[in-house]
Amino acid sequence: MGIQDIIEGKKQWRAHVARVKALPPDYRIVYKEMQKYLFKVGPIGLPDGLLLPGIVDFFEQGAASGKGVLELIGTDVAAFCDGLLQDSRTYADVFQASLGDGAGSAQK
């Protein structure tokens, strides 16, 4: 990864943050909670993927149509995030697999 890649990544992240700041306050609050949850759960492709920008797209469309954020995702933010990640591999999965491999070899 060269310096140009880092600069471009920062530009993209700043543009993403500007889009989040333009959301209505209730959407912004829910987005930040989702972001915290996703950073803890750690889907492997999160930094390079389209998940966070996709959520912002979804929220922008919902706000434009006049819907409240809870009408879009429901009252359980974690369950909504889990639904988004159900087919994604997470760092927790990798960790669990490494524990399973280690436990099996310790018993032998």
# chains A, B, ... in the order shown; residues from 1 in each chain; ligands from 1
$ select_by_dssp --residues "chain A" --states "helix (DSSP H, G or I)" --output "MDAnalysis selection string"
chainID A and resid 3:21 25:41 51:64 69:73 77:85 91:107
$ residues_around --residues "region 71-85 of chain A" --least-positions-apart "4" --cutoff "9 Å" --atoms "only C-alpha atoms" --output "PyMOL selection string"
chain A and resi 30+33-34+37-38+43+51+58-59+62+67+89-90
$ atom_distance --atom1 "CA of Tyr91 (chain A)" --atom2 "CA of Gly42 (chain A)"
5.4 Å
$ atom_distance --atom1 "CA of Val69 (chain A)" --atom2 "CA of Asp26 (chain A)"
6.7 Å
$ atom_distance --atom1 "CA of Ile29 (chain A)" --atom2 "CA of Glu8 (chain A)"
26.8 Å
$ closest_residue --among "A:Ala64, A:Ala15, A:Ser88, A:Lys10" --to "Gly49 (chain A)" --atoms "only C-alpha atoms"
A:Ser88
$ closest_residue --among "A:Ala92, A:Leu99, A:Met1, A:Leu23" --to "Phe39 (chain A)" --atoms "only C-alpha atoms"
A:Ala92
